[in-house]
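Pasted below: start35.tsv, TSV, C-alpha atoms.
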```
chain	number	residue	atom	x	y	z
A	1	MET	CA	20.37	9.72	-15.82
A	2	LEU	CA	22.20	8.62	-12.67
A	3	SER	CA	23.74	12.10	-12.51
A	4	TRP	CA	20.32	13.36	-11.40
A	5	PHE	CA	20.69	11.32	-8.22
A	6	SER	CA	24.32	12.27	-7.50
A	7	PRO	CA	23.58	13.90	-4.10
A	8	ILE	CA	21.64	10.83	-2.88
A	9	ILE	CA	24.32	8.50	-4.29
A	10	SER	CA	26.96	10.43	-2.38
A	11	VAL	CA	24.98	10.20	0.89
A	12	PHE	CA	24.38	6.45	0.46
A	13	ASN	CA	28.03	5.83	-0.39
A	14	THR	CA	29.23	7.74	2.68
A	15	LEU	CA	26.73	6.01	4.98
A	16	LEU	CA	27.54	2.60	3.53
A	17	THR	CA	31.26	3.18	4.06
A	18	GLU	CA	30.64	4.13	7.70
A	19	LEU	CA	28.52	1.01	8.21
A	20	PHE	CA	31.28	-1.11	6.65
A	21	GLN	CA	33.73	0.30	9.21
A	22	LEU	CA	31.39	-1.03	11.91
A	23	THR	CA	30.50	-4.40	10.39
A	24	HIS	CA	33.68	-5.19	8.36
A	25	ASP	CA	31.46	-6.83	5.72
A	26	TRP	CA	29.83	-5.03	2.81
A	27	GLY	CA	26.87	-7.40	2.84
A	28	LEU	CA	26.16	-6.69	6.51
A	29	ALA	CA	26.62	-2.98	5.79
A	30	ILE	CA	23.95	-3.17	3.06
A	31	ILE	CA	21.57	-4.96	5.44
A	32	ALA	CA	22.14	-2.26	8.06
A	33	LEU	CA	21.62	0.46	5.44
A	34	THR	CA	18.38	-1.20	4.34
A	35	PHE	CA	16.99	-1.20	7.87
A	36	ILE	CA	17.92	2.46	8.28
A	37	VAL	CA	16.15	3.39	5.04
A	38	ARG	CA	13.08	1.32	5.91
A	39	LEU	CA	12.90	2.82	9.39
A	40	LEU	CA	12.98	6.30	7.83
A	41	LEU	CA	10.09	5.26	5.57
A	42	THR	CA	8.03	3.81	8.44
A	43	GLY	CA	6.01	6.99	8.86
A	44	LEU	CA	5.08	7.07	5.17
A	45	ASN	CA	4.20	3.37	5.24
A	46	LEU	CA	1.97	3.93	8.27
A	47	MET	CA	0.25	6.77	6.41
A	48	ASN	CA	-0.25	4.40	3.48
A	49	TYR	CA	-1.72	1.64	5.67
A	50	ARG	CA	-4.01	4.11	7.44
A	51	GLN	CA	-5.31	5.18	4.05
A	52	MET	CA	-6.14	1.53	3.35
A	53	VAL	CA	-8.00	1.31	6.66
A	54	ARG	CA	-9.91	4.52	5.89
A	55	GLN	CA	-10.93	3.11	2.51
A	56	LYS	CA	-12.05	-0.13	4.12
A	57	THR	CA	-14.18	1.58	6.79
A	58	ALA	CA	-15.78	3.83	4.15
A	59	GLN	CA	-16.67	0.95	1.81
A	60	PRO	CA	-20.26	0.44	3.07
A	61	ILE	CA	-21.20	4.07	2.51
A	62	LEU	CA	-19.38	4.17	-0.84
A	63	GLN	CA	-21.23	1.04	-1.93
A	64	GLN	CA	-24.54	2.62	-0.98
A	65	ALA	CA	-23.61	5.68	-3.04
A	66	ARG	CA	-22.88	3.48	-6.06
A	67	GLU	CA	-26.25	1.78	-5.76
A	68	LYS	CA	-28.18	5.00	-5.21
A	69	TYR	CA	-26.53	6.96	-8.03
A	70	LYS	CA	-25.71	4.14	-10.46
A	71	ASP	CA	-27.56	5.99	-13.23
A	72	GLN	CA	-26.22	9.45	-12.30
A	73	GLN	CA	-22.47	9.37	-12.94
A	74	GLU	CA	-21.93	13.06	-12.23
A	75	LYS	CA	-23.78	12.85	-8.92
A	76	LEU	CA	-21.93	9.63	-8.04
A	77	LEU	CA	-18.57	11.32	-8.62
A	78	GLU	CA	-19.64	14.28	-6.49
A	79	GLU	CA	-20.84	12.00	-3.70
A	80	THR	CA	-17.68	9.88	-3.84
A	81	LEU	CA	-15.48	12.95	-3.53
A	82	ARG	CA	-17.55	14.15	-0.58
A	83	ILE	CA	-17.30	10.80	1.21
A	84	ASN	CA	-13.56	10.60	0.59
A	85	LYS	CA	-13.07	14.12	1.95
A	86	GLU	CA	-15.19	13.49	5.05
A	87	ASN	CA	-13.30	10.29	5.83
A	88	GLY	CA	-9.81	11.61	5.09
A	89	ILE	CA	-9.30	9.37	2.08
A	90	LYS	CA	-6.57	10.66	-0.24
A	91	PRO	CA	-5.95	8.03	-2.95
A	92	PHE	CA	-2.93	9.81	-4.44
A	93	ASN	CA	-1.13	9.76	-1.09
A	94	MET	CA	-0.87	5.98	-1.42
A	95	MET	CA	1.44	6.45	-4.41
A	96	LEU	CA	3.91	8.49	-2.37
A	97	VAL	CA	5.87	5.56	-0.92
A	98	SER	CA	6.18	3.94	-4.35
A	99	LEU	CA	7.42	7.18	-5.91
A	100	ILE	CA	10.01	7.66	-3.15
A	101	GLN	CA	11.35	4.15	-3.79
A	102	LEU	CA	12.38	5.10	-7.34
A	103	PRO	CA	15.17	7.57	-6.47
A	104	ILE	CA	16.30	5.20	-3.69
A	105	PHE	CA	16.59	2.32	-6.17
A	106	MET	CA	18.35	4.45	-8.80
A	107	SER	CA	20.77	5.83	-6.21
A	108	LEU	CA	21.62	2.39	-4.83
A	109	PHE	CA	22.02	1.09	-8.37
A	110	GLY	CA	24.45	3.95	-8.96
A	111	VAL	CA	26.41	3.19	-5.78
A	112	PHE	CA	26.77	-0.51	-6.56
A	113	THR	CA	27.59	-0.15	-10.25
A	114	THR	CA	30.19	2.54	-9.46
A	115	HIS	CA	31.76	1.16	-6.27
A	116	GLY	CA	30.49	-2.43	-6.12
A	117	GLY	CA	33.55	-3.75	-7.91
A	118	GLN	CA	35.55	-3.17	-4.71
A	119	MET	CA	32.89	-4.71	-2.44
A	120	THR	CA	32.74	-8.35	-1.34
A	121	SER	CA	30.73	-10.23	1.26
A	122	THR	CA	30.73	-13.66	2.86
A	123	LEU	CA	26.92	-13.53	2.70
A	124	VAL	CA	27.00	-13.93	-1.09
A	125	SER	CA	30.19	-15.91	-1.53
A	126	TRP	CA	29.17	-17.27	-4.95
A	127	VAL	CA	30.08	-13.91	-6.60
A	128	GLN	CA	33.46	-12.20	-6.62
A	129	THR	CA	32.13	-8.66	-6.15
A	130	LEU	CA	28.80	-7.06	-5.28
A	131	SER	CA	28.63	-5.30	-8.65
A	132	GLN	CA	27.98	-8.62	-10.40
A	133	ALA	CA	24.50	-9.95	-11.16
A	134	ASP	CA	23.48	-13.04	-9.21
A	135	PRO	CA	24.45	-15.94	-11.52
A	136	LEU	CA	22.30	-18.36	-9.50
A	137	HIS	CA	19.37	-15.89	-9.34
A	138	ILE	CA	18.87	-16.77	-5.67
A	139	LEU	CA	18.34	-13.24	-4.40
A	140	PRO	CA	15.99	-12.08	-7.20
A	141	VAL	CA	13.72	-15.09	-6.66
A	142	LEU	CA	13.90	-14.83	-2.86
A	143	SER	CA	13.12	-11.11	-3.03
A	144	ALA	CA	10.09	-11.71	-5.25
A	145	LEU	CA	8.77	-14.48	-2.98
A	146	LEU	CA	9.18	-12.43	0.20
A	147	THR	CA	7.58	-9.41	-1.46
A	148	LEU	CA	4.62	-11.60	-2.40
A	149	VAL	CA	4.34	-12.89	1.17
A	150	ALA	CA	4.37	-9.32	2.52
A	151	ALA	CA	1.69	-8.27	0.03
A	152	LEU	CA	-0.59	-11.17	1.03
A	153	ILE	CA	-0.50	-10.50	4.78
A	154	PRO	CA	-3.79	-8.69	5.55
A	155	ILE	CA	-3.47	-5.30	7.21
A	156	THR	CA	-6.67	-5.70	9.22
A	157	LEU	CA	-7.66	-8.52	11.57
A	158	GLU	CA	-11.03	-8.95	9.82
A	159	LEU	CA	-9.39	-10.13	6.60
A	160	THR	CA	-8.00	-13.64	6.23
A	161	ILE	CA	-4.90	-14.42	4.20
A	162	LEU	CA	-7.14	-16.07	1.58
A	163	GLN	CA	-9.25	-12.90	1.25
A	164	ALA	CA	-6.11	-10.78	1.00
A	165	ALA	CA	-4.75	-13.14	-1.65
A	166	LYS	CA	-7.88	-12.67	-3.75
A	167	LYS	CA	-7.62	-8.89	-3.47
A	168	GLN	CA	-3.89	-8.75	-4.17
A	169	ALA	CA	-3.53	-11.59	-6.69
A	170	GLY	CA	-3.33	-9.54	-9.89
A	171	ILE	CA	-1.31	-6.63	-8.50
A	172	SER	CA	1.11	-8.91	-6.65
A	173	LEU	CA	1.73	-11.06	-9.71
A	174	VAL	CA	2.54	-8.06	-11.90
A	175	MET	CA	4.74	-6.42	-9.26
A	176	ASN	CA	6.70	-9.62	-8.64
A	177	LEU	CA	7.31	-10.12	-12.34
A	178	ILE	CA	8.67	-6.55	-12.45
A	179	TYR	CA	10.89	-7.29	-9.41
A	180	LEU	CA	12.27	-10.40	-11.08
A	181	PHE	CA	12.88	-8.60	-14.36
A	182	VAL	CA	14.71	-5.69	-12.72
A	183	LEU	CA	16.76	-7.72	-10.24
A	184	TRP	CA	17.65	-10.52	-12.64
A	185	ARG	CA	20.59	-8.58	-14.11
A	186	SER	CA	21.07	-5.93	-11.42
A	187	PRO	CA	24.11	-5.96	-9.12
A	188	ILE	CA	23.68	-8.62	-6.47
A	189	ALA	CA	24.01	-5.86	-3.87
A	190	VAL	CA	20.67	-4.47	-5.07
A	191	GLY	CA	19.15	-7.93	-4.65
A	192	LEU	CA	20.52	-8.10	-1.10
A	193	TYR	CA	18.95	-4.72	-0.37
A	194	TYR	CA	15.54	-5.82	-1.65
A	195	VAL	CA	15.61	-9.18	0.14
A	196	THR	CA	16.31	-7.35	3.40
A	197	SER	CA	13.65	-4.77	2.56
A	198	ALA	CA	11.11	-7.54	1.93
A	199	VAL	CA	11.96	-9.18	5.28
A	200	PHE	CA	11.41	-5.81	6.95
A	201	ALA	CA	8.06	-5.48	5.14
A	202	VAL	CA	6.91	-8.88	6.42
A	203	MET	CA	7.92	-7.94	9.98
A	204	GLU	CA	6.13	-4.59	9.62
A	205	LYS	CA	2.92	-6.23	8.41
A	206	LEU	CA	3.00	-8.75	11.27
A	207	LEU	CA	3.51	-5.90	13.74
A	208	TYR	CA	0.41	-4.13	12.46
A	209	ARG	CA	-1.55	-7.37	12.91
A	210	THR	CA	-1.02	-7.15	16.68
A	211	LYS	CA	-3.49	-5.39	19.00
A	212	TRP	CA	-1.02	-2.52	19.45
A	213	GLY	CA	-0.57	-2.24	15.71
A	214	GLN	CA	-4.33	-2.26	15.08
A	215	LYS	CA	-4.80	0.54	17.61
A	216	LEU	CA	-2.14	2.54	15.79
A	217	LEU	CA	-3.79	1.96	12.42
A	218	TYR	CA	-7.31	2.83	13.59
A	219	ARG	CA	-6.36	5.74	15.87
A	220	GLY	CA	-8.56	8.74	15.07
A	221	ILE	CA	-10.45	6.88	12.34
A	222	ARG	CA	-14.19	6.80	12.89
A	223	VAL	CA	-16.60	4.33	11.32
A	224	PRO	CA	-18.79	6.42	8.98
A	225	VAL	CA	-22.56	6.37	9.34
A	226	VAL	CA	-24.25	4.79	6.35
A	227	GLU	CA	-26.49	7.71	5.46
A	228	MET	CA	-26.59	9.49	2.11
A	229	ALA	CA	-26.85	13.21	1.63
A	230	SER	CA	-29.72	14.28	-0.55
```
Output the structure of this file as structure tokens.
Amino acid sequence: MLSWFSPIISVFNTLLTELFQLTHDWGLAIIALTFIVRLLLTGLNLMNYRQMVRQKTAQPILQQAREKYKDQQEKLLEETLRINKENGIKPFNMMLVSLIQLPIFMSLFGVFTTHGGQMTSTLVSWVQTLSQADPLHILPVLSALLTLVAALIPITLELTILQAAKKQAGISLVMNLIYLFVLWRSPIAVGLYYVTSAVFAVMEKLLYRTKWGQKLLYRGIRVPVVEMAS
């Protein structure tokens, strides 16, 4: 299956080697690679967050539609589609970032299982090579915790962390269990990538909580008028 991702594996391996020449430490090279990948995904993440904001601003009018057409499922579906279209809501676009992460993960897994045996780092000195799984499970647990923290940071200033926790509780729990399961026996290099990625995600969420970040999220998004079409 990894053969499907051979071109991406080759690119990552080349880039990682170049970063190692600069940092002289494979762990630092992985951290640098992670930030490069996450920066390249920033545009897609912003699109994802803007979709969340669009959904939030459209909630009052969607709720009114549910109440008005609660006994007319066909009309409710039609009205929901209309409201989504008028407000630029595209639910399937929110899956794009998650889908892109799969080939990235598989490619990195391929790089570290193939070449990780020759990689070492002072950052994870409790393993001999980066192809080994973390025997202390430090990075899998840390990655899951940081991912949970990132998920619980509200994207809008109106929401509190408690409100975000209530909304994200089920999804976050399932996703973190999946993270732990996958990373538990993966090469420690993969764990290092995901810990760094989770740190980036926390920083990104905090950035969007600033006034500048909120302006970026809400730019061009209008608050819909709560008025139903007949």
| request: Mind checking which residues fall within 12 Å of stretch 30-32 of chain A, counting all atoms listed in the file, ignoring those fewer than 4 positions away in the same chain, and posting them as a count of residues only? | output: 41
What's the 12 Å shell around stretch 145-158 of chain A, counting only C-alpha atoms, without same-chain residues fewer than 5 positions away, as a ChimeraX atom specification? /A:45-46,48-57,138-140,163-180,191,194-218
Emit as JSON the padded axis-aligned box for all listed atoms of stretch 41-45 of chain A, 8 Å per side, with centre and edge lengths in Å to one decimal.
```
{"center_x": 7.1, "center_y": 5.2, "center_z": 7.0, "size_x": 21.9, "size_y": 19.7, "size_z": 19.7}
```
Shell of 12 Å around A:Glu86, only C-alpha atoms, local chain residues under 4 positions omitted, as a list in words = Arg54, Gln55, Ala58, Ile61, Leu62, Glu79, Thr80, Leu81, Arg82, Lys90, Ile221, Arg222, Val223, Pro224 and Val225 of chain A
Residues from the last selection, C-alpha atoms, saved as a compact mmCIF listing (two decimals), in the frame of the given file:
```txt
# COMPACT_ATOMS: atom_id res chain seq x y z
CA ARG A 54 -9.91 4.52 5.89
CA GLN A 55 -10.93 3.11 2.51
CA ALA A 58 -15.78 3.83 4.15
CA ILE A 61 -21.20 4.07 2.51
CA LEU A 62 -19.38 4.17 -0.84
CA GLU A 79 -20.84 12.00 -3.70
CA THR A 80 -17.68 9.88 -3.84
CA LEU A 81 -15.48 12.95 -3.53
CA ARG A 82 -17.55 14.15 -0.58
CA LYS A 90 -6.57 10.66 -0.24
CA ILE A 221 -10.45 6.88 12.34
CA ARG A 222 -14.19 6.80 12.89
CA VAL A 223 -16.60 4.33 11.32
CA PRO A 224 -18.79 6.42 8.98
CA VAL A 225 -22.56 6.37 9.34
```
Given the choices A:Leu41, A:Ile9, A:Asn84, A:Val141, which gets closest to A:Ser98 if the distance is worked out from only C-alpha atoms?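 Comparing A:Leu41, A:Ile9, A:Asn84, A:Val141 against A:Ser98, the winner is A:Leu41.
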Atom pair atom CA of A:Pro103 + atom CA of A:Phe5, distance 6.9 Å
Quick one, how far is atom CA of A:Trp126 from atom CA of A:Ile104?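 Interatomic distance, atom CA of A:Trp126 to atom CA of A:Ile104: 25.9 Å.
The residue that comes closest to A:Pro60, out of A:Ile89, A:Ile83, A:His115, A:Leu136 and on the basis of all atoms listed in the file, is A:Ile83.
The interatomic distance for the pair atom CA of A:Leu44 and atom CA of A:Glu78 works out to 28.3 Å.
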In terms of all atoms listed in the file, the residue from A:Leu77, A:Met47, A:Phe105, A:Val127 at minimal distance from A:Val182 is A:Phe105
Which one is closest to A:Phe109: A:Gly43, A:Gly88, A:Pro7, A:Pro187? Count only C-alpha atoms.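 Going through A:Gly43, A:Gly88, A:Pro7, A:Pro187 one by one, the smallest distance to A:Phe109 is for A:Pro187.
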